[in-house]
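K.L.:
See model32.cif below, with mmCIF, C-alpha atoms.
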```cif
data_data
loop_
_atom_site.label_atom_id
_atom_site.label_comp_id
_atom_site.auth_asym_id
_atom_site.auth_seq_id
_atom_site.Cartn_x
_atom_site.Cartn_y
_atom_site.Cartn_z
CA MET A 9 26.05 -7.76 -11.88
CA VAL A 10 22.55 -7.75 -13.34
CA GLU A 11 21.82 -11.13 -11.78
CA LEU A 12 22.93 -9.89 -8.35
CA ILE A 13 20.72 -6.81 -8.61
CA ALA A 14 17.75 -8.94 -9.65
CA LEU A 15 18.42 -11.31 -6.77
CA CYS A 16 18.53 -8.47 -4.22
CA VAL A 17 15.32 -6.95 -5.56
CA PHE A 18 13.61 -10.34 -5.51
CA ALA A 19 14.72 -10.89 -1.91
CA CYS A 20 13.37 -7.51 -0.81
CA ILE A 21 10.02 -8.07 -2.54
CA THR A 22 9.74 -11.54 -1.01
CA LEU A 23 10.48 -10.28 2.48
CA VAL A 24 7.99 -7.44 2.15
CA SER A 25 5.33 -9.88 0.91
CA VAL A 26 6.01 -12.19 3.83
CA GLY A 27 5.73 -9.27 6.22
CA VAL A 28 2.39 -8.15 4.78
CA ALA A 29 1.06 -11.70 4.93
CA GLN A 30 2.22 -12.02 8.53
CA TRP A 31 0.49 -8.78 9.50
CA LEU A 32 -2.72 -9.84 7.77
CA ASN A 33 -2.52 -13.09 9.70
CA ALA A 34 -1.87 -11.31 12.99
CA GLY A 35 -5.49 -11.80 14.06
CA ARG A 36 -4.71 -15.44 14.82
CA ASN A 37 -1.79 -14.86 17.13
CA ALA A 38 -0.95 -16.98 20.11
CA THR A 39 -3.10 -14.95 22.51
CA THR A 40 -6.17 -15.23 20.29
CA GLN A 41 -5.72 -18.96 19.81
CA ARG A 42 -5.32 -19.45 23.56
CA LEU A 43 -8.50 -17.50 24.30
CA MET A 44 -10.36 -19.48 21.66
CA THR A 45 -9.10 -22.71 23.15
CA VAL A 46 -10.10 -21.68 26.68
CA THR A 47 -13.59 -20.66 25.59
CA GLY A 48 -14.05 -23.79 23.50
CA ARG A 49 -14.98 -21.80 20.41
CA MET A 50 -12.18 -23.01 18.18
CA LYS A 51 -13.33 -25.81 15.91
CA GLN A 52 -11.00 -28.58 14.82
CA THR A 53 -10.99 -27.38 11.22
CA ASP A 54 -10.05 -23.88 12.33
CA ALA A 55 -7.28 -25.28 14.52
CA ASP A 56 -5.91 -27.36 11.63
CA ARG A 57 -6.06 -24.39 9.29
CA ALA A 58 -4.31 -22.20 11.84
CA LYS A 59 -1.58 -24.80 12.26
CA GLU A 60 -1.07 -25.04 8.51
CA GLU A 61 -0.84 -21.28 8.14
CA ALA A 62 1.54 -21.03 11.08
CA GLY A 63 3.71 -23.82 9.70
CA ALA A 64 3.89 -22.21 6.24
CA MET A 65 5.18 -18.92 7.62
CA LYS A 66 7.06 -20.15 10.66
CA GLN A 67 10.51 -20.13 9.11
CA ALA A 68 10.21 -16.70 7.52
CA SER A 69 8.70 -15.20 10.67
CA ALA A 70 11.41 -16.77 12.82
CA ALA A 71 14.11 -15.37 10.53
CA MET A 72 12.62 -11.87 10.66
CA ALA A 73 12.21 -12.10 14.44
CA SER A 74 15.82 -13.22 14.80
CA VAL A 75 17.03 -10.24 12.77
CA GLY A 76 14.83 -7.95 14.87
CA LYS A 77 16.15 -9.38 18.15
CA TRP A 78 19.71 -8.97 16.90
CA ALA A 79 18.96 -5.33 16.08
CA GLU A 80 17.38 -4.80 19.50
CA ASN A 81 20.45 -6.26 21.22
CA ARG A 82 22.83 -4.13 19.17
CA PHE A 83 20.72 -0.97 19.39
CA PRO A 84 18.69 -1.25 22.60
CA LYS A 85 15.71 1.02 23.16
CA GLU A 86 14.25 2.44 26.32
CA GLU A 87 11.25 0.74 27.86
CA LYS A 88 9.06 3.73 27.07
CA ASP A 89 9.94 3.51 23.37
CA LYS A 90 9.10 -0.20 23.36
CA ILE A 91 5.73 0.47 24.97
CA ASP A 92 4.98 3.20 22.42
CA LEU A 93 5.98 0.93 19.53
CA THR A 94 3.82 -1.89 20.91
CA ALA A 95 0.86 0.48 21.12
CA ARG A 96 1.40 1.75 17.57
CA LEU A 97 1.64 -1.78 16.23
CA SER A 98 -1.52 -2.70 18.13
CA TYR A 99 -3.36 0.27 16.62
CA ALA A 100 -2.41 -1.04 13.19
CA GLY A 101 -3.66 -4.53 14.04
CA ILE A 102 -0.18 -6.05 14.41
CA ARG A 103 -0.12 -7.90 17.72
CA GLY A 104 1.65 -10.76 19.39
CA PRO A 105 4.73 -11.40 21.54
CA GLN A 106 7.03 -11.23 18.50
CA ALA A 107 5.43 -8.16 16.91
CA ILE A 108 8.23 -5.73 17.77
CA ALA A 109 11.00 -8.15 16.80
CA PHE A 110 9.30 -9.01 13.50
CA TYR A 111 8.72 -5.34 12.67
CA GLN A 112 12.30 -4.39 13.42
CA GLY A 113 13.54 -7.39 11.45
CA VAL A 114 11.55 -6.35 8.38
CA ARG A 115 12.92 -2.82 8.63
CA MET A 116 16.52 -3.99 8.94
CA THR A 117 16.19 -6.51 6.11
CA ILE A 118 14.63 -4.02 3.69
CA ALA A 119 17.25 -1.41 4.57
CA LEU A 120 20.11 -3.86 4.04
CA GLY A 121 18.63 -5.14 0.79
CA LEU A 122 18.21 -1.64 -0.66
CA PHE A 123 21.72 -0.69 0.49
CA VAL A 124 23.27 -3.66 -1.31
CA THR A 125 21.12 -3.05 -4.40
CA ALA A 126 22.12 0.61 -4.65
CA PHE A 127 25.78 -0.19 -3.94
CA VAL A 128 25.90 -2.75 -6.75
CA TYR A 129 23.76 -0.75 -9.21
CA TRP A 130 26.12 2.24 -9.18
CA ALA A 131 29.20 0.08 -9.70
CA ASP A 132 30.69 2.54 -12.22
CA GLN A 133 30.81 5.34 -9.62
CA THR A 134 33.49 6.01 -7.04
CA ILE A 135 33.39 4.16 -3.76
CA MET A 136 32.30 7.32 -1.96
CA ASN A 137 29.34 7.87 -4.29
CA ARG A 138 28.37 4.22 -4.09
CA CYS A 139 28.39 4.34 -0.28
CA SER A 140 26.37 7.56 -0.29
CA MET A 141 23.72 6.16 -2.62
CA GLY A 142 23.63 2.94 -0.62
CA VAL A 143 23.15 4.82 2.66
CA MET A 144 20.35 6.91 1.15
CA ALA A 145 18.60 3.82 -0.20
CA GLY A 146 19.06 2.04 3.12
CA MET A 147 17.54 4.94 5.04
CA ILE A 148 14.58 4.98 2.68
CA GLY A 149 14.08 1.25 3.27
CA PHE A 150 14.47 1.72 7.03
CA TYR A 151 11.88 4.49 7.38
CA ALA A 152 9.42 3.33 4.71
CA PRO A 153 7.78 0.76 7.05
CA GLN A 154 7.08 3.58 9.51
CA LEU A 155 5.16 5.47 6.84
CA TYR A 156 3.28 2.29 5.97
CA LEU A 157 2.49 1.74 9.64
CA ARG A 158 1.08 5.25 10.00
CA ARG A 159 -0.99 4.87 6.84
CA ARG A 160 -2.31 1.48 7.94
CA THR A 161 -3.17 2.83 11.41
CA LYS A 162 -5.05 5.81 9.97
CA LEU A 163 -7.06 3.66 7.56
CA ARG A 164 -7.88 1.16 10.29
CA MET A 165 -9.07 3.85 12.70
CA ASP A 166 -11.20 5.44 9.98
CA LYS A 167 -12.84 2.08 9.24
CA ILE A 168 -13.60 1.56 12.92
CA ARG A 169 -15.15 5.03 13.23
CA LYS A 170 -17.31 4.44 10.16
CA THR A 171 -18.55 0.97 11.11
CA LEU A 172 -19.00 1.47 14.87
CA PRO A 173 -22.47 3.13 14.66
CA ASP A 174 -23.79 0.29 12.49
CA ALA A 175 -22.38 -2.29 14.90
CA LEU A 176 -24.07 -0.53 17.83
CA ASP A 177 -27.39 -0.44 15.96
CA THR A 178 -27.16 -4.19 15.42
CA LEU A 179 -26.24 -4.63 19.08
CA VAL A 180 -29.31 -2.61 20.13
CA THR A 181 -31.52 -4.76 17.91
CA CYS A 182 -30.18 -7.94 19.51
CA VAL A 183 -30.68 -6.58 23.04
CA GLU A 184 -34.23 -5.47 22.22
CA ALA A 185 -34.88 -8.98 20.90
CA GLY A 186 -34.24 -10.35 24.40
CA LEU A 187 -30.55 -11.25 24.39
CA GLY A 188 -28.22 -10.26 27.19
CA LEU A 189 -25.39 -7.86 26.47
CA ASN A 190 -22.72 -10.56 26.36
CA ALA A 191 -24.85 -12.77 24.14
CA ALA A 192 -25.67 -9.79 21.91
CA ILE A 193 -21.99 -8.95 21.51
CA ASP A 194 -21.30 -12.59 20.63
CA ARG A 195 -24.13 -12.57 18.08
CA VAL A 196 -22.97 -9.36 16.43
CA ALA A 197 -19.36 -10.55 16.38
CA SER A 198 -20.33 -13.86 14.81
CA GLY A 199 -22.34 -12.12 12.11
CA ARG A 200 -19.70 -9.54 11.25
CA SER A 201 -16.62 -11.74 11.55
CA ASP A 202 -17.64 -13.73 8.47
CA ASN A 203 -16.13 -10.90 6.48
CA ARG A 204 -12.41 -10.88 7.33
CA ARG A 205 -12.15 -7.24 6.21
CA ASP A 206 -14.66 -6.16 8.85
CA ILE A 207 -12.42 -4.83 11.60
CA MET A 208 -15.23 -4.31 14.10
CA GLY A 209 -16.28 -7.92 13.69
CA SER A 210 -12.82 -9.23 14.54
CA GLU A 211 -12.45 -6.84 17.48
CA LEU A 212 -15.85 -7.78 18.91
CA GLN A 213 -14.96 -11.44 18.42
CA TYR A 214 -11.77 -10.93 20.41
CA MET A 215 -13.80 -9.14 23.07
CA THR A 216 -16.17 -12.12 23.19
CA TYR A 217 -13.24 -14.46 23.84
CA GLU A 218 -12.13 -12.22 26.69
CA LEU A 219 -15.61 -12.21 28.22
CA GLN A 220 -15.91 -15.98 27.98
CA ALA A 221 -12.44 -16.37 29.46
CA GLY A 222 -13.65 -14.61 32.62
CA ILE A 223 -12.55 -11.02 32.08
CA PRO A 224 -15.08 -8.53 33.55
CA ARG A 225 -17.22 -6.67 31.06
CA ASP A 226 -15.95 -3.20 31.97
CA GLN A 227 -12.36 -4.37 31.62
CA ALA A 228 -13.17 -5.98 28.25
CA PHE A 229 -14.63 -2.69 26.99
CA HIS A 230 -11.58 -0.87 28.32
CA ASN A 231 -9.27 -3.31 26.50
CA LEU A 232 -11.27 -2.81 23.31
CA GLY A 233 -10.56 0.89 23.35
CA THR A 234 -6.96 0.59 24.53
CA ARG A 235 -5.72 -1.88 21.92
CA ASN A 236 -7.23 0.11 19.03
CA GLY A 237 -6.52 3.68 20.13
CA VAL A 238 -9.79 5.01 18.71
CA ASP A 239 -11.34 7.77 20.78
CA ASP A 240 -14.88 6.60 19.97
CA LEU A 241 -14.16 3.13 21.38
CA GLN A 242 -12.53 4.59 24.48
CA ALA A 243 -15.55 6.85 25.00
CA LEU A 244 -17.82 3.83 24.49
CA ALA A 245 -15.98 1.97 27.25
CA ALA A 246 -16.39 4.89 29.67
CA PHE A 247 -20.03 5.29 28.60
CA MET A 248 -20.87 1.64 29.23
CA VAL A 249 -19.16 1.59 32.62
CA GLN A 250 -20.95 4.76 33.67
CA SER A 251 -24.31 3.41 32.48
CA GLU A 252 -23.89 0.23 34.52
CA LYS A 253 -22.89 2.16 37.64
CA LEU A 254 -25.80 4.60 37.38
CA GLY A 255 -28.32 1.91 36.44
CA THR A 256 -29.30 3.54 33.14
CA GLY A 257 -31.28 1.46 30.64
CA LEU A 258 -28.82 -0.33 28.40
CA VAL A 259 -30.88 -0.09 25.21
CA GLU A 260 -31.53 3.62 25.60
CA ALA A 261 -27.88 4.27 26.43
CA LEU A 262 -26.70 2.43 23.33
CA LYS A 263 -29.23 4.27 21.16
CA ILE A 264 -28.08 7.63 22.48
CA TYR A 265 -24.44 6.84 21.94
CA ALA A 266 -25.07 5.43 18.44
CA ASP A 267 -26.88 8.67 17.51
CA GLU A 268 -23.99 10.67 18.92
CA LEU A 269 -21.49 8.66 16.87
CA ARG A 270 -23.59 9.11 13.76
CA THR A 271 -23.63 12.86 14.38
CA ARG A 272 -19.84 12.85 14.76
CA ARG A 273 -19.48 10.92 11.53
CA ARG A 274 -21.67 13.45 9.73
CA GLN A 275 -19.65 16.33 11.16
CA ARG A 276 -16.39 14.72 10.07
CA ALA A 277 -17.78 14.30 6.56
CA GLN A 278 -18.82 17.96 6.48
CA GLU A 279 -15.40 18.98 7.70
CA GLN A 280 -13.72 17.00 4.93
CA ALA A 281 -16.09 18.55 2.38
CA ASN A 282 -15.22 22.05 3.62
CA LYS A 283 -11.50 21.27 3.29
CA ALA A 284 -11.93 20.13 -0.30
CA ALA A 285 -11.97 23.69 -1.67
CA VAL A 286 -8.67 24.54 0.02
CA LYS A 287 -7.07 21.26 -1.09
CA LEU A 288 -8.13 21.90 -4.70
CA LEU A 289 -6.47 25.32 -4.69
CA PHE A 290 -2.93 24.04 -5.25
CA PRO A 291 -3.73 21.67 -8.16
CA LEU A 292 -5.74 24.47 -9.78
CA VAL A 293 -2.93 27.00 -9.45
CA PHE A 294 -0.01 24.79 -10.42
CA PHE A 295 -1.55 22.40 -12.97
CA ILE A 296 -4.91 23.50 -14.36
CA PHE A 297 -4.54 27.29 -14.66
CA PRO A 298 -1.21 27.18 -16.57
CA THR A 299 -2.72 24.75 -19.04
CA MET A 300 -5.81 26.96 -19.49
CA PHE A 301 -3.63 30.02 -20.02
CA LEU A 302 -1.57 28.15 -22.58
CA VAL A 303 -4.63 26.98 -24.49
CA ILE A 304 -6.41 30.34 -24.35
CA LEU A 305 -3.50 32.75 -24.80
CA GLY A 306 -1.33 30.53 -27.00
CA PRO A 307 -3.08 31.26 -30.32
CA ALA A 308 -3.29 34.97 -29.49
CA MET A 309 0.43 35.12 -28.70
CA MET A 310 1.24 33.32 -31.93
CA SER A 311 -0.93 35.79 -33.88
CA LEU A 312 0.75 38.76 -32.17
CA LYS A 313 4.17 37.32 -32.89
CA LYS A 314 3.24 36.85 -36.51
CA SER A 315 1.87 40.39 -36.77
CA PHE A 316 4.89 42.00 -35.14
CA GLY A 317 7.12 39.90 -37.34
CA GLY A 318 5.41 41.27 -40.42
CA ILE A 319 5.81 44.84 -39.21
CA GLY A 320 9.53 44.33 -38.75
CA LYS A 321 9.90 43.20 -42.34
#
```
Turn the structure described in the file into structure tokens.
P.N.:
Amino acid sequence: MVELIALCVFACITLVSVGVAQWLNAGRNATTQRLMTVTGRMKQTDADRAKEEAGAMKQASAAMASVGKWAENRFPKEEKDKIDLTARLSYAGIRGPQAIAFYQGVRMTIALGLFVTAFVYWADQTIMNRCSMGVMAGMIGFYAPQLYLRRRTKLRMDKIRKTLPDALDTLVTCVEAGLGLNAAIDRVASGRSDNRRDIMGSELQYMTYELQAGIPRDQAFHNLGTRNGVDDLQALAAFMVQSEKLGTGLVEALKIYADELRTRRRQRAQEQANKAAVKLLFPLVFFIFPTMFLVILGPAMMSLKKSFGGIGK
């Protein structure tokens, strides 16, 4: 029994690790590789590395996608729900033709693994209790990836909002140095994409591939905001399109918008600072104040108890 429980736990941890690795590797999906191939920017070493990474995770990804497709066939969703799920996965940086199937496969596998683990762990209980605990564990495993997806999306959007003003400042510097807008975007993307944790660098690099593949600039800016779901990027797309239509100076427009974003970032920081006092109220009331009362009033209560005890004698 212990060996079976350990095996189930090991399988769940392995599948979760494979899922996280697949999501981290989602930047090199088939669409990105195709754009890189079309634009001629993909070096041979990068292509070989991408093939090795794809080959190492191909079997696990295919298994998860197969489980997800089976779940979709057994429990079909409406087209609107699929579009919403695709958008949410894209906001979290999980993209590709198999993104939905892989995500659903991970959810089903984790839920099944936790169900079996709970069912075997409570082997001394009645069959009804074992089924109940297994269903509860399975539901936790089924909905836990949704919570992770929301957390990942929120962190990713926050990083984009924080780094966007700096990226625009660098873009302004490149344009003032004499580069065109497309070349400046390529230069900024190349400089920032060296750090794989820089989300703006990878997004600008993807935008560069789109521009070099022949997509119009306004559509590329629109795609940048749509696939990330960040209001600042969507406003940037509308701002750039409006500036081109009205003939406004590009450098001045970018400077104005970068200052506006910096002002928004400062206001968001002030808002979070103002909320800190309210958020600290509950820990103070439920954790710190009782301890203070115990430390301060404890000796006095003990002295009173001792005094009243002496009077009774």
K.L.:
Run the PyMOL selection byres ((chain A and resi 198) around 12) mentally over the shown coordinates, then write out the matched residues as a count of residues only, using the chain letters and numbers from the document.
P.N.:
28
K.L.:
Enumerate, as a PyMOL selection string, the protein, DNA and RNA residues whose atoms approach (17.4, -9.2, 7.1) to within 7 Å, taking into account all atoms listed in the file and the coordinate frame of the file.
P.N.:
chain A and resi 72+75+113-114+116-118+120
K.L.:
Interatomic distance between CA of Met309 (chain A) and CA of Leu288 (chain A)?
P.N.:
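So the two atoms, CA of Met309 (chain A) and CA of Leu288 (chain A), lie 28.7 Å apart.
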K.L.:
Please list, as a ChimeraX atom specification, the residues that have an atom at most 10 Å away from (-5.5, 2.6, 11.7) in the coordinates of this file, counting only C-alpha atoms.
P.N.:
/A:96-101,157-168,236-238
K.L.:
Select, from A:Val143, A:Leu187, A:Val128, A:Ile148, the residue with the minimum atom-to-atom distance to Arg115 (chain A), counting only C-alpha atoms.
P.N.:
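With only C-alpha atoms as the atom set, the closest residue is A:Ile148.
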K.L.:
Which distance in Å separates CA of Leu93 (chain A) and CA of Gln112 (chain A), to one decimal?
P.N.:
10.3 Å
K.L.:
Keeping C-alpha atoms, write region 82-144 of chain A of the structure just shown out as a tab-separated table (two decimals), in the first residue's frame.
P.N.:
```
chain	number	residue	atom	x	y	z
A	82	ARG	CA	-16.19	13.28	-23.43
A	83	PHE	CA	-17.07	16.68	-21.97
A	84	PRO	CA	-17.34	19.09	-24.91
A	85	LYS	CA	-17.31	22.83	-24.31
A	86	GLU	CA	-18.97	25.63	-26.18
A	87	GLU	CA	-16.92	27.61	-28.67
A	88	LYS	CA	-17.14	30.70	-26.48
A	89	ASP	CA	-15.63	28.84	-23.52
A	90	LYS	CA	-12.79	27.59	-25.72
A	91	ILE	CA	-12.06	31.11	-26.92
A	92	ASP	CA	-12.06	32.41	-23.35
A	93	LEU	CA	-9.74	29.60	-22.22
A	94	THR	CA	-7.39	30.29	-25.14
A	95	ALA	CA	-7.27	33.96	-24.19
A	96	ARG	CA	-6.58	33.18	-20.53
A	97	LEU	CA	-3.80	30.77	-21.45
A	98	SER	CA	-2.34	33.38	-23.79
A	99	TYR	CA	-2.38	35.98	-21.01
A	100	ALA	CA	-0.37	33.56	-18.89
A	101	GLY	CA	2.14	33.01	-21.69
A	102	ILE	CA	0.88	29.51	-22.58
A	103	ARG	CA	0.34	29.45	-26.33
A	104	GLY	CA	0.27	27.02	-29.19
A	105	PRO	CA	-2.21	24.81	-31.05
A	106	GLN	CA	-2.12	22.17	-28.29
A	107	ALA	CA	-2.32	24.61	-25.36
A	108	ILE	CA	-5.94	23.84	-24.43
A	109	ALA	CA	-5.53	20.08	-24.80
A	110	PHE	CA	-2.32	20.08	-22.75
A	111	TYR	CA	-3.88	22.21	-20.01
A	112	GLN	CA	-6.95	20.02	-19.77
A	113	GLY	CA	-4.77	16.91	-19.80
A	114	VAL	CA	-2.72	18.18	-16.88
A	115	ARG	CA	-5.88	18.97	-14.92
A	116	MET	CA	-7.40	15.55	-15.55
A	117	THR	CA	-4.17	13.71	-14.73
A	118	ILE	CA	-3.61	15.56	-11.46
A	119	ALA	CA	-7.24	15.06	-10.45
A	120	LEU	CA	-7.09	11.33	-11.19
A	121	GLY	CA	-3.75	10.94	-9.41
A	122	LEU	CA	-4.99	12.67	-6.25
A	123	PHE	CA	-8.23	10.67	-6.35
A	124	VAL	CA	-6.34	7.36	-6.46
A	125	THR	CA	-3.90	8.54	-3.78
A	126	ALA	CA	-6.68	9.55	-1.38
A	127	PHE	CA	-8.67	6.39	-2.11
A	128	VAL	CA	-5.69	4.17	-1.29
A	129	TYR	CA	-4.46	6.23	1.68
A	130	TRP	CA	-7.74	5.88	3.57
A	131	ALA	CA	-7.91	2.13	3.01
A	132	ASP	CA	-9.06	1.49	6.59
A	133	GLN	CA	-12.23	3.57	6.11
A	134	THR	CA	-15.52	2.49	4.62
A	135	ILE	CA	-15.96	2.54	0.87
A	136	MET	CA	-18.24	5.57	1.14
A	137	ASN	CA	-15.68	7.59	3.10
A	138	ARG	CA	-12.90	6.53	0.76
A	139	CYS	CA	-14.92	7.66	-2.27
A	140	SER	CA	-15.78	10.95	-0.57
A	141	MET	CA	-12.16	11.71	0.29
A	142	GLY	CA	-11.08	10.68	-3.20
A	143	VAL	CA	-13.65	12.98	-4.82
A	144	MET	CA	-12.58	15.89	-2.62
```
